[in-house]
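Q: Input structure: start.pdb, which contains PDB, C-alpha atoms.
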```pdb
MODEL        1
ATOM      1  CA  GLY A   9      80.649  83.600  64.666  1.00  0.00           C
ATOM      2  CA  GLN A  10      83.789  81.625  64.006  1.00  0.00           C
ATOM      3  CA  ILE A  11      87.363  82.613  64.789  1.00  0.00           C
ATOM      4  CA  VAL A  12      88.445  84.999  62.047  1.00  0.00           C
ATOM      5  CA  THR A  13      91.861  84.547  60.444  1.00  0.00           C
ATOM      6  CA  LEU A  14      93.441  87.991  60.595  1.00  0.00           C
ATOM      7  CA  THR A  15      95.169  89.157  57.423  1.00  0.00           C
ATOM      8  CA  GLN A  16      97.997  91.611  56.803  1.00  0.00           C
ATOM      9  CA  GLU A  17      95.346  94.152  55.817  1.00  0.00           C
ATOM     10  CA  ASP A  18      93.746  93.764  59.245  1.00  0.00           C
ATOM     11  CA  LEU A  19      97.071  94.470  60.920  1.00  0.00           C
ATOM     12  CA  SER A  20      97.180  98.017  59.571  1.00  0.00           C
ATOM     13  CA  LEU A  21      93.646  98.946  60.618  1.00  0.00           C
ATOM     14  CA  PRO A  22      94.041  99.293  64.413  1.00  0.00           C
ATOM     15  CA  LEU A  23      96.535 102.122  64.006  1.00  0.00           C
ATOM     16  CA  ALA A  24      93.741 104.315  62.651  1.00  0.00           C
ATOM     17  CA  LEU A  25      91.406 103.722  65.598  1.00  0.00           C
ATOM     18  CA  PRO A  26      90.415 106.766  67.676  1.00  0.00           C
ATOM     19  CA  PRO A  27      91.869 107.248  71.174  1.00  0.00           C
ATOM     20  CA  ALA A  28      90.279 105.238  73.972  1.00  0.00           C
ATOM     21  CA  ARG A  29      87.791 107.276  75.939  1.00  0.00           C
ATOM     22  CA  ILE A  30      85.511 106.890  78.927  1.00  0.00           C
ATOM     23  CA  ILE A  31      81.971 105.981  77.928  1.00  0.00           C
ATOM     24  CA  SER A  32      79.372 108.369  79.333  1.00  0.00           C
ATOM     25  CA  THR A  33      77.379 106.968  82.251  1.00  0.00           C
ATOM     26  CA  PRO A  34      74.959 108.545  84.719  1.00  0.00           C
ATOM     27  CA  ASN A  35      76.723 110.200  87.632  1.00  0.00           C
ATOM     28  CA  PRO A  36      75.849 107.928  90.600  1.00  0.00           C
ATOM     29  CA  ARG A  37      74.255 109.947  93.411  1.00  0.00           C
ATOM     30  CA  GLY A  38      75.994 113.079  92.203  1.00  0.00           C
ATOM     31  CA  PHE A  39      79.404 111.553  92.903  1.00  0.00           C
ATOM     32  CA  ILE A  40      82.322 113.712  91.719  1.00  0.00           C
ATOM     33  CA  PRO A  41      85.431 111.597  91.056  1.00  0.00           C
ATOM     34  CA  PRO A  42      88.696 112.945  92.447  1.00  0.00           C
ATOM     35  CA  ALA A  43      91.122 114.558  90.058  1.00  0.00           C
ATOM     36  CA  VAL A  44      93.637 112.357  88.289  1.00  0.00           C
ATOM     37  CA  GLY A  45      96.633 111.869  90.533  1.00  0.00           C
ATOM     38  CA  ALA A  46      94.721 112.708  93.727  1.00  0.00           C
ATOM     39  CA  PRO A  47      95.968 110.696  96.730  1.00  0.00           C
ATOM     40  CA  ALA A  48      94.075 107.576  97.666  1.00  0.00           C
ATOM     41  CA  PRO A  49      91.922 107.983 100.791  1.00  0.00           C
ATOM     42  CA  SER A  50      93.468 105.002 102.557  1.00  0.00           C
ATOM     43  CA  ALA A  51      97.042 104.450 103.682  1.00  0.00           C
ATOM     44  CA  PRO A  52      99.317 102.790 101.114  1.00  0.00           C
ATOM     45  CA  PHE A  53     100.665  99.280 101.597  1.00  0.00           C
ATOM     46  CA  ARG A  54     104.194  98.987 100.217  1.00  0.00           C
ATOM     47  CA  HIS A  55     105.023  95.595  98.791  1.00  0.00           C
ATOM     48  CA  ASP A  56     108.665  94.616  98.610  1.00  0.00           C
ATOM     49  CA  HIS A  57     110.002  96.231  95.449  1.00  0.00           C
ATOM     50  CA  GLU A  58     111.820  93.148  94.239  1.00  0.00           C
ATOM     51  CA  GLU A  59     108.727  91.042  94.776  1.00  0.00           C
ATOM     52  CA  LEU A  60     105.790  93.022  93.401  1.00  0.00           C
ATOM     53  CA  TRP A  61     107.070  96.283  91.902  1.00  0.00           C
ATOM     54  CA  CYS A  62     104.155  98.353  93.160  1.00  0.00           C
ATOM     55  CA  LEU A  63     102.796 100.641  95.847  1.00  0.00           C
ATOM     56  CA  THR A  64      99.097 100.035  96.420  1.00  0.00           C
ATOM     57  CA  PRO A  65      96.415 101.703  98.543  1.00  0.00           C
ATOM     58  CA  MET A  66      94.584  99.624 101.102  1.00  0.00           C
ATOM     59  CA  LEU A  67      90.968  98.636 100.333  1.00  0.00           C
ATOM     60  CA  PRO A  68      90.193 101.558  97.997  1.00  0.00           C
ATOM     61  CA  SER A  69      86.546 102.420  97.331  1.00  0.00           C
ATOM     62  CA  GLY A  70      84.799 103.841  94.281  1.00  0.00           C
ATOM     63  CA  PHE A  71      82.309 103.447  91.460  1.00  0.00           C
ATOM     64  CA  ILE A  72      84.391 103.072  88.292  1.00  0.00           C
ATOM     65  CA  PHE A  73      87.295 100.659  87.847  1.00  0.00           C
ATOM     66  CA  LYS A  74      89.533 101.145  84.824  1.00  0.00           C
ATOM     67  CA  LEU A  75      92.203  98.812  83.463  1.00  0.00           C
ATOM     68  CA  LEU A  76      94.538 100.443  80.948  1.00  0.00           C
ATOM     69  CA  ILE A  77      96.690  98.116  78.823  1.00  0.00           C
ATOM     70  CA  THR A  78      99.813  99.975  77.752  1.00  0.00           C
ATOM     71  CA  GLU A  79     101.993  97.191  76.284  1.00  0.00           C
ATOM     72  CA  THR A  80     101.694  93.709  74.823  1.00  0.00           C
ATOM     73  CA  HIS A  81     104.134  90.803  75.007  1.00  0.00           C
ATOM     74  CA  GLY A  82     105.325  91.547  71.482  1.00  0.00           C
ATOM     75  CA  CYS A  83     102.349  91.938  69.150  1.00  0.00           C
ATOM     76  CA  PRO A  84     101.999  95.561  67.974  1.00  0.00           C
ATOM     77  CA  PHE A  85      98.473  95.144  66.610  1.00  0.00           C
ATOM     78  CA  TYR A  86      96.277  93.116  69.001  1.00  0.00           C
ATOM     79  CA  VAL A  87      95.924  92.490  72.718  1.00  0.00           C
ATOM     80  CA  GLY A  88      93.694  90.214  74.748  1.00  0.00           C
ATOM     81  CA  LEU A  89      92.905  88.584  78.063  1.00  0.00           C
ATOM     82  CA  ASN A  90      91.321  85.298  79.054  1.00  0.00           C
ATOM     83  CA  GLY A  91      89.561  86.628  82.131  1.00  0.00           C
ATOM     84  CA  LEU A  92      89.226  89.338  84.738  1.00  0.00           C
ATOM     85  CA  ALA A  93      87.823  89.214  88.281  1.00  0.00           C
ATOM     86  CA  LEU A  94      87.454  91.774  91.075  1.00  0.00           C
ATOM     87  CA  LEU A  95      87.033  90.877  94.756  1.00  0.00           C
ATOM     88  CA  ASP A  96      85.478  93.133  97.379  1.00  0.00           C
ATOM     89  CA  GLY A  97      86.539  93.958 100.925  1.00  0.00           C
ATOM     90  CA  ASP A  98      84.946  90.727 102.167  1.00  0.00           C
ATOM     91  CA  ASP A  99      86.994  88.638  99.714  1.00  0.00           C
ATOM     92  CA  GLN A 100      83.913  87.966  97.571  1.00  0.00           C
ATOM     93  CA  LEU A 101      83.659  88.189  93.790  1.00  0.00           C
ATOM     94  CA  LEU A 102      82.054  91.386  92.537  1.00  0.00           C
ATOM     95  CA  PRO A 103      79.369  90.941  89.842  1.00  0.00           C
ATOM     96  CA  LEU A 104      80.687  91.511  86.321  1.00  0.00           C
ATOM     97  CA  SER A 105      78.512  91.200  83.222  1.00  0.00           C
ATOM     98  CA  ARG A 106      77.673  92.808  79.881  1.00  0.00           C
ATOM     99  CA  GLN A 107      75.665  95.370  81.829  1.00  0.00           C
ATOM    100  CA  ASN A 108      78.605  96.899  83.678  1.00  0.00           C
ATOM    101  CA  VAL A 109      81.717  96.037  81.627  1.00  0.00           C
ATOM    102  CA  ALA A 110      82.814  98.040  78.582  1.00  0.00           C
ATOM    103  CA  ALA A 111      86.017  98.510  76.607  1.00  0.00           C
ATOM    104  CA  SER A 112      87.552 100.748  73.982  1.00  0.00           C
ATOM    105  CA  PRO A 113      88.075  99.277  71.441  1.00  0.00           C
ATOM    106  CA  SER A 114      85.428  96.720  72.389  1.00  0.00           C
ATOM    107  CA  SER A 115      86.726  93.746  70.364  1.00  0.00           C
ATOM    108  CA  LEU A 116      87.910  92.637  66.926  1.00  0.00           C
ATOM    109  CA  ASN A 117      84.367  93.257  65.737  1.00  0.00           C
ATOM    110  CA  VAL A 118      85.151  96.953  65.222  1.00  0.00           C
ATOM    111  CA  LEU A 119      87.243  95.959  62.176  1.00  0.00           C
ATOM    112  CA  PRO A 120      85.349  96.086  58.839  1.00  0.00           C
ATOM    113  CA  SER A 121      86.982  92.902  57.543  1.00  0.00           C
ATOM    114  CA  VAL A 122      85.945  91.005  60.682  1.00  0.00           C
ATOM    115  CA  ILE A 123      82.395  92.316  60.399  1.00  0.00           C
ATOM    116  CA  ALA A 124      82.315  91.266  56.741  1.00  0.00           C
ATOM    117  CA  ALA A 125      83.437  87.758  57.738  1.00  0.00           C
ATOM    118  CA  GLY A 126      80.472  87.424  60.111  1.00  0.00           C
ATOM    119  CA  GLY A 127      82.141  88.531  63.330  1.00  0.00           C
ATOM    120  CA  ASP A 128      84.594  86.960  65.747  1.00  0.00           C
ATOM    121  CA  PRO A 129      83.560  85.272  69.037  1.00  0.00           C
ATOM    122  CA  ARG A 130      86.467  86.722  71.051  1.00  0.00           C
ATOM    123  CA  THR A 131      84.185  89.378  72.515  1.00  0.00           C
ATOM    124  CA  LEU A 132      84.246  91.326  75.772  1.00  0.00           C
ATOM    125  CA  ASP A 133      81.742  89.052  77.532  1.00  0.00           C
ATOM    126  CA  LYS A 134      84.363  86.271  77.470  1.00  0.00           C
ATOM    127  CA  LEU A 135      86.286  88.183  80.156  1.00  0.00           C
ATOM    128  CA  THR A 136      83.544  87.313  82.640  1.00  0.00           C
ATOM    129  CA  ASP A 137      82.322  83.871  81.488  1.00  0.00           C
ATOM    130  CA  GLY A 138      84.261  82.110  84.279  1.00  0.00           C
ATOM    131  CA  ILE A 139      86.376  79.986  81.910  1.00  0.00           C
ATOM    132  CA  ASN A 140      89.718  81.684  82.304  1.00  0.00           C
ATOM    133  CA  HIS A 141      92.411  79.041  82.662  1.00  0.00           C
ATOM    134  CA  THR A 142      91.961  77.828  79.090  1.00  0.00           C
ATOM    135  CA  PHE A 143      93.573  77.512  75.686  1.00  0.00           C
ATOM    136  CA  ASP A 144      90.215  77.575  73.889  1.00  0.00           C
ATOM    137  CA  ASP A 145      90.069  80.932  72.117  1.00  0.00           C
ATOM    138  CA  THR A 146      86.260  80.956  72.075  1.00  0.00           C
ATOM    139  CA  HIS A 147      86.590  81.834  75.789  1.00  0.00           C
ATOM    140  CA  MET A 148      89.001  84.747  75.255  1.00  0.00           C
ATOM    141  CA  TRP A 149      88.756  88.458  74.512  1.00  0.00           C
ATOM    142  CA  LEU A 150      90.856  90.038  71.757  1.00  0.00           C
ATOM    143  CA  THR A 151      90.830  93.618  70.501  1.00  0.00           C
ATOM    144  CA  PRO A 152      92.905  95.893  68.241  1.00  0.00           C
ATOM    145  CA  PHE A 153      95.852  97.505  69.992  1.00  0.00           C
ATOM    146  CA  ASN A 154      97.319 100.897  69.222  1.00  0.00           C
ATOM    147  CA  PRO A 155     100.472 101.786  71.215  1.00  0.00           C
ATOM    148  CA  GLN A 156      99.672 105.479  70.831  1.00  0.00           C
ATOM    149  CA  ASN A 157      96.107 105.256  72.182  1.00  0.00           C
ATOM    150  CA  GLN A 158      96.241 102.067  74.284  1.00  0.00           C
ATOM    151  CA  VAL A 159      93.270  99.925  75.320  1.00  0.00           C
ATOM    152  CA  CYS A 160      90.884 100.547  78.223  1.00  0.00           C
ATOM    153  CA  ILE A 161      88.486  98.254  80.077  1.00  0.00           C
ATOM    154  CA  TYR A 162      85.853  99.990  82.240  1.00  0.00           C
ATOM    155  CA  ILE A 163      83.750  98.402  84.994  1.00  0.00           C
ATOM    156  CA  TYR A 164      80.880 100.445  86.454  1.00  0.00           C
ATOM    157  CA  PHE A 165      79.082  99.886  89.763  1.00  0.00           C
ATOM    158  CA  PRO A 166      75.807 101.613  90.783  1.00  0.00           C
ATOM    159  CA  THR A 167      76.990 101.929  94.388  1.00  0.00           C
ATOM    160  CA  PRO A 168      80.564 102.295  95.669  1.00  0.00           C
ATOM    161  CA  ILE A 169      82.541  99.090  96.056  1.00  0.00           C
ATOM    162  CA  THR A 170      85.581  98.322  98.176  1.00  0.00           C
ATOM    163  CA  LEU A 171      88.328  96.533  96.290  1.00  0.00           C
ATOM    164  CA  SER A 172      90.625  93.970  97.892  1.00  0.00           C
ATOM    165  CA  MET A 173      92.031  92.238  94.818  1.00  0.00           C
ATOM    166  CA  VAL A 174      92.108  92.098  91.033  1.00  0.00           C
ATOM    167  CA  ARG A 175      92.770  88.810  89.268  1.00  0.00           C
ATOM    168  CA  LEU A 176      93.597  88.562  85.598  1.00  0.00           C
ATOM    169  CA  TRP A 177      94.339  85.726  83.222  1.00  0.00           C
ATOM    170  CA  ASN A 178      96.477  86.662  80.248  1.00  0.00           C
ATOM    171  CA  TYR A 179      95.669  85.803  76.637  1.00  0.00           C
ATOM    172  CA  SER A 180      96.893  82.275  75.907  1.00  0.00           C
ATOM    173  CA  LYS A 181      95.983  81.489  72.302  1.00  0.00           C
ATOM    174  CA  THR A 182      98.968  83.544  71.107  1.00  0.00           C
ATOM    175  CA  ALA A 183     100.871  84.590  74.212  1.00  0.00           C
ATOM    176  CA  GLU A 184     102.560  87.513  72.430  1.00  0.00           C
ATOM    177  CA  ARG A 185      99.129  89.152  72.261  1.00  0.00           C
ATOM    178  CA  GLY A 186      98.762  89.126  76.034  1.00  0.00           C
ATOM    179  CA  ALA A 187      98.963  92.273  78.153  1.00  0.00           C
ATOM    180  CA  ALA A 188     102.531  93.020  79.284  1.00  0.00           C
ATOM    181  CA  GLU A 189     101.968  96.268  81.225  1.00  0.00           C
ATOM    182  CA  VAL A 190      98.773  97.541  82.831  1.00  0.00           C
ATOM    183  CA  VAL A 191      97.611 100.467  84.934  1.00  0.00           C
ATOM    184  CA  MET A 192      94.608 100.157  87.267  1.00  0.00           C
ATOM    185  CA  TYR A 193      92.430 103.040  88.464  1.00  0.00           C
ATOM    186  CA  LEU A 194      89.428 103.419  90.728  1.00  0.00           C
ATOM    187  CA  ASP A 195      87.562 106.696  90.142  1.00  0.00           C
ATOM    188  CA  ASP A 196      90.659 107.990  88.328  1.00  0.00           C
ATOM    189  CA  VAL A 197      92.966 107.348  91.302  1.00  0.00           C
ATOM    190  CA  GLU A 198      95.871 105.197  90.187  1.00  0.00           C
ATOM    191  CA  LEU A 199      96.013 101.959  92.197  1.00  0.00           C
ATOM    192  CA  PHE A 200      98.624  99.878  90.407  1.00  0.00           C
ATOM    193  CA  ARG A 201     101.094 100.135  87.549  1.00  0.00           C
ATOM    194  CA  GLY A 202     103.160  97.127  86.602  1.00  0.00           C
ATOM    195  CA  PRO A 203     103.893  94.067  84.464  1.00  0.00           C
ATOM    196  CA  CYS A 204     101.693  91.069  83.678  1.00  0.00           C
ATOM    197  CA  ARG A 205     102.779  87.470  83.563  1.00  0.00           C
ATOM    198  CA  LYS A 206     102.847  85.962  80.071  1.00  0.00           C
ATOM    199  CA  ALA A 207     100.601  82.942  79.500  1.00  0.00           C
ATOM    200  CA  PRO A 208     102.405  79.620  79.051  1.00  0.00           C
ATOM    201  CA  LEU A 209     102.324  77.403  75.990  1.00  0.00           C
ATOM    202  CA  PRO A 210      99.529  74.831  76.095  1.00  0.00           C
ATOM    203  CA  PRO A 211     100.753  71.474  77.419  1.00  0.00           C
ATOM    204  CA  GLY A 212     101.097  69.151  74.445  1.00  0.00           C
ATOM    205  CA  HIS A 213      99.231  71.851  72.481  1.00  0.00           C
ATOM    206  CA  GLN A 214      95.973  70.373  73.745  1.00  0.00           C
ATOM    207  CA  PHE A 215      93.024  72.626  74.412  1.00  0.00           C
ATOM    208  CA  ASN A 216      91.740  72.427  77.976  1.00  0.00           C
ATOM    209  CA  THR A 217      89.515  74.550  80.194  1.00  0.00           C
ATOM    210  CA  MET A 218      89.305  75.212  83.900  1.00  0.00           C
ATOM    211  CA  SER A 219      86.781  77.223  85.865  1.00  0.00           C
ATOM    212  CA  ALA A 220      88.183  80.420  87.332  1.00  0.00           C
ATOM    213  CA  LEU A 221      87.251  79.289  90.837  1.00  0.00           C
ATOM    214  CA  SER A 222      88.047  75.560  90.597  1.00  0.00           C
ATOM    215  CA  HIS A 223      91.774  75.833  91.041  1.00  0.00           C
ATOM    216  CA  GLY A 224      92.259  72.142  91.830  1.00  0.00           C
ATOM    217  CA  GLU A 225      89.606  70.582  89.603  1.00  0.00           C
ATOM    218  CA  ARG A 226      90.560  69.430  86.127  1.00  0.00           C
ATOM    219  CA  GLU A 227      88.183  68.977  83.224  1.00  0.00           C
ATOM    220  CA  GLY A 228      90.351  66.512  81.345  1.00  0.00           C
ATOM    221  CA  GLY A 229      93.982  66.346  80.248  1.00  0.00           C
ATOM    222  CA  LYS A 230      97.052  67.823  81.848  1.00  0.00           C
ATOM    223  CA  LEU A 231      96.862  71.571  82.390  1.00  0.00           C
ATOM    224  CA  ALA A 232      99.692  74.060  82.464  1.00  0.00           C
ATOM    225  CA  ASP A 233     100.300  75.759  85.797  1.00  0.00           C
ATOM    226  CA  ASP A 234      97.577  78.265  86.619  1.00  0.00           C
ATOM    227  CA  TRP A 235      98.801  81.613  85.227  1.00  0.00           C
ATOM    228  CA  CYS A 236      96.269  83.726  87.094  1.00  0.00           C
ATOM    229  CA  GLN A 237      97.901  86.911  88.384  1.00  0.00           C
ATOM    230  CA  SER A 238      96.611  88.625  91.529  1.00  0.00           C
ATOM    231  CA  VAL A 239      97.108  92.268  92.461  1.00  0.00           C
ATOM    232  CA  LEU A 240      96.284  92.819  96.135  1.00  0.00           C
ATOM    233  CA  PHE A 241      94.824  95.877  97.823  1.00  0.00           C
ATOM    234  CA  THR A 242      94.770  94.243 101.250  1.00  0.00           C
ATOM    235  CA  ASP A 243      97.407  93.033 103.675  1.00  0.00           C
ATOM    236  CA  HIS A 244      95.169  90.446 105.341  1.00  0.00           C
ATOM    237  CA  PRO A 245      97.652  87.657 106.150  1.00  0.00           C
ATOM    238  CA  ASP A 246      95.358  84.811 105.072  1.00  0.00           C
ATOM    239  CA  ILE A 247      94.683  86.404 101.688  1.00  0.00           C
ATOM    240  CA  VAL A 248      98.334  87.286 101.144  1.00  0.00           C
ATOM    241  CA  ALA A 249      99.347  83.692 101.927  1.00  0.00           C
ATOM    242  CA  ARG A 250      96.648  82.246  99.668  1.00  0.00           C
ATOM    243  CA  GLU A 251      97.530  84.482  96.716  1.00  0.00           C
ATOM    244  CA  SER A 252     101.315  84.525  97.116  1.00  0.00           C
ATOM    245  CA  SER A 253     101.942  82.168  94.185  1.00  0.00           C
ATOM    246  CA  ARG A 254      99.836  84.382  91.932  1.00  0.00           C
ATOM    247  CA  MET A 255     101.487  87.687  92.709  1.00  0.00           C
ATOM    248  CA  HIS A 256     104.006  88.927  90.168  1.00  0.00           C
ATOM    249  CA  ARG A 257     107.656  88.635  91.093  1.00  0.00           C
ATOM    250  CA  SER A 258     110.638  90.027  89.236  1.00  0.00           C
ATOM    251  CA  GLY A 259     111.734  87.609  86.545  1.00  0.00           C
ATOM    252  CA  ASP A 260     108.283  86.074  86.089  1.00  0.00           C
ATOM    253  CA  VAL A 261     107.747  87.680  82.681  1.00  0.00           C
TER     254      VAL A 261
ENDMDL
END
```
As structure tokens - that is how I would like this structure written.
A:
Amino acid sequence: GQIVTLTQEDLSLPLALPPARIISTPNPRGFIPPAVGAPAPSAPFRHDHEELWCLTPMLPSGFIFKLLITETHGCPFYVGLNGLALLDGDDQLLPLSRQNVAASPSSLNVLPSVIAAGGDPRTLDKLTDGINHTFDDTHMWLTPFNPQNQVCIYIYFPTPITLSMVRLWNYSKTAERGAAEVVMYLDDVELFRGPCRKAPLPPGHQFNTMSALSHGEREGGKLADDWCQSVLFTDHPDIVARESSRMHRSGDV
């Protein structure tokens, strides 16, 4: 489908959406998640408060990762992201696809007016298509936002994973629709709560794309600075040094 022009009527619809909820999945190997608020099994790594604003556990493990978006950068009706990536304890990308990624609400395509218009391509699979540093909205995810119920992204793994890092790229088509505050959980244990960097304006208002992993390779035209944000769950010095420019600092948003 083509990008749908959202009307004033559309803007009132998200407020009537039901609360976000966890989608039922088989219980892997009889695993019983810890209660909400239970302490993480590994020792916490305290980042400098003025630098990262968070207290994170070291290399947490689990089956279900949840990203809760609690605020936008100004839009009260919609929120989106360009991309999302998780890295394991060996600093390798974890597999993300339509098979193990879900969201509530899933996308703009829950809105009757968008369905009637033939659908909108800003669907959940765009979070994992690898084209994240972009101003092309056909490679972005956008969904209705309700401040009362918030928005949840769920990632399921059949066997437990160890998490060393989460990378996210904020929504750049209309930066006010990007995520401003998020909370991250693994098996209902809170890992991180903090702000997200706002996407920049496109340079010269030209539409460009960059692969999520090709940080130094350009596909034509001048790109804005990479606005990828990294949240670390490791204190490995090489990883910390490599990701330092992508970690949120006070005053970045």
Q: Contacts of Glu184 in chain A at 10 Å or less, counting only C-alpha atoms, minus same-chain residues fewer than 4 places along, as a VMD selection string?
A: chain A and resid 80 to 84 86 to 88 178 to 180 188 206 to 207
Q: Provide the CA of Phe200 in chain A to CA of Gln107 in chain A distance in Å, to one decimal place.
A: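 Computing the Euclidean distance for CA of Phe200 in chain A and CA of Gln107 in chain A yields 24.9 Å.
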Q: Write out as an MDAnalysis selection string the residues lying within 10 Å of Ser253 in chain A, counting all atoms listed in the file and excluding same-chain residues fewer than 2 positions away.
A: chainID A and resid 234:238 248:251 255:257
Q: Show me, as number ranges by chain, the residues that have an atom within 6 Å of range 155-165 of chain A when counting all atoms listed in the file, minus same-chain residues fewer than 4 positions from it.
A: A: 27, 71-78, 108-112
Q: So that I can see what lies close to Leu116 in chain A, please list as number ranges by chain the residues with an atom at most 8 Å from it, counting all atoms listed in the file and leaving out residues fewer than 5 positions away in the same chain.
A: A: 122, 127-128, 130-131, 150-152
Q: Produce a file of the selected residues containing C-alpha atoms, as a PDB file, in the frame of the given file.
A:
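Contents of the output file result.pdb:
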```pdb
ATOM      1  CA  VAL A 122      85.945  91.005  60.682  1.00  0.00           C
ATOM      2  CA  GLY A 127      82.141  88.531  63.330  1.00  0.00           C
ATOM      3  CA  ASP A 128      84.594  86.960  65.747  1.00  0.00           C
ATOM      4  CA  ARG A 130      86.467  86.722  71.051  1.00  0.00           C
ATOM      5  CA  THR A 131      84.185  89.378  72.515  1.00  0.00           C
ATOM      6  CA  LEU A 150      90.856  90.038  71.757  1.00  0.00           C
ATOM      7  CA  THR A 151      90.830  93.618  70.501  1.00  0.00           C
ATOM      8  CA  PRO A 152      92.905  95.893  68.241  1.00  0.00           C
TER       9      PRO A 152
END
```
Q: To one decimal place in Å, what is the distance between CA of Ala183 in chain A and CA of Pro208 in chain A?
A: 7.1 Å
Q: Calculated over only C-alpha atoms, which of the candidates A:Val239, A:Leu104, A:Val12, A:Thr170 has the smallest distance to Ala124 in chain A?
A: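 Nearest candidate to Ala124 in chain A out of A:Val239, A:Leu104, A:Val12, A:Thr170: A:Val12.
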Q: Translate the PyMOL selection byres ((chain A and resi 134) around 10), as applied to the file shown, into an explicit residue set as a compact mmCIF listing (two decimals) with C-alpha atoms, in the frame of the given file.
A:
```txt
# COMPACT_ATOMS: atom_id res chain seq x y z
CA LEU A 89 92.90 88.58 78.06
CA ASN A 90 91.32 85.30 79.05
CA GLY A 91 89.56 86.63 82.13
CA LEU A 92 89.23 89.34 84.74
CA SER A 105 78.51 91.20 83.22
CA ARG A 106 77.67 92.81 79.88
CA PRO A 129 83.56 85.27 69.04
CA ARG A 130 86.47 86.72 71.05
CA THR A 131 84.18 89.38 72.52
CA LEU A 132 84.25 91.33 75.77
CA ASP A 133 81.74 89.05 77.53
CA LEU A 135 86.29 88.18 80.16
CA THR A 136 83.54 87.31 82.64
CA ASP A 137 82.32 83.87 81.49
CA GLY A 138 84.26 82.11 84.28
CA ILE A 139 86.38 79.99 81.91
CA ASN A 140 89.72 81.68 82.30
CA ASP A 145 90.07 80.93 72.12
CA THR A 146 86.26 80.96 72.08
CA HIS A 147 86.59 81.83 75.79
CA MET A 148 89.00 84.75 75.26
CA TRP A 149 88.76 88.46 74.51
CA LEU A 150 90.86 90.04 71.76
```
Q: Between A:Leu199, A:Leu209, A:Leu171, A:Leu94, which one has atoms that come closest to Phe143 in chain A, using all atoms listed in the file?
A: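 Looking only at the distances to Phe143 in chain A, the closest residue turns out to be A:Leu209.
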Q: Hey, what comes out of the PyMOL selection byres ((chain A and resi 203) around 6) on this file? Could you write it as a list of chain:residue names?
A: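 Checking the PyMOL selection byres ((chain A and resi 203) around 6) against this file, the residues are A:Ala188, A:Glu189, A:Gly202, A:Cys204.
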Q: Could you jot down the CA of Pro210 in chain A to CA of Ala93 in chain A separation for me, Å, one decimal place?
A: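 Result for CA of Pro210 in chain A versus CA of Ala93 in chain A: 22.2 Å, one decimal.
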Q: Which residue out of A:Arg201, A:Arg175, A:Lys181, A:His141 has the minimum interatomic distance to Thr64 in chain A when all atoms listed in the file are used?
A: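 Using all atoms listed in the file, Thr64 in chain A sits closest to A:Arg201.
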Q: For this structure, which residues satisfy the selection - the PyMOL selection byres ((chain A and resi 172) around 8) - when it is evaluated on the file as given? I want them as a PyMOL selection string.
A: chain A and resi 66-68+94-99+170-171+173-174+240-242
Q: Counting only C-alpha atoms, which of A:Ile169, A:Arg254, A:Ser121, A:Phe85 gets nearest to Gln100 in chain A?
A: A:Ile169
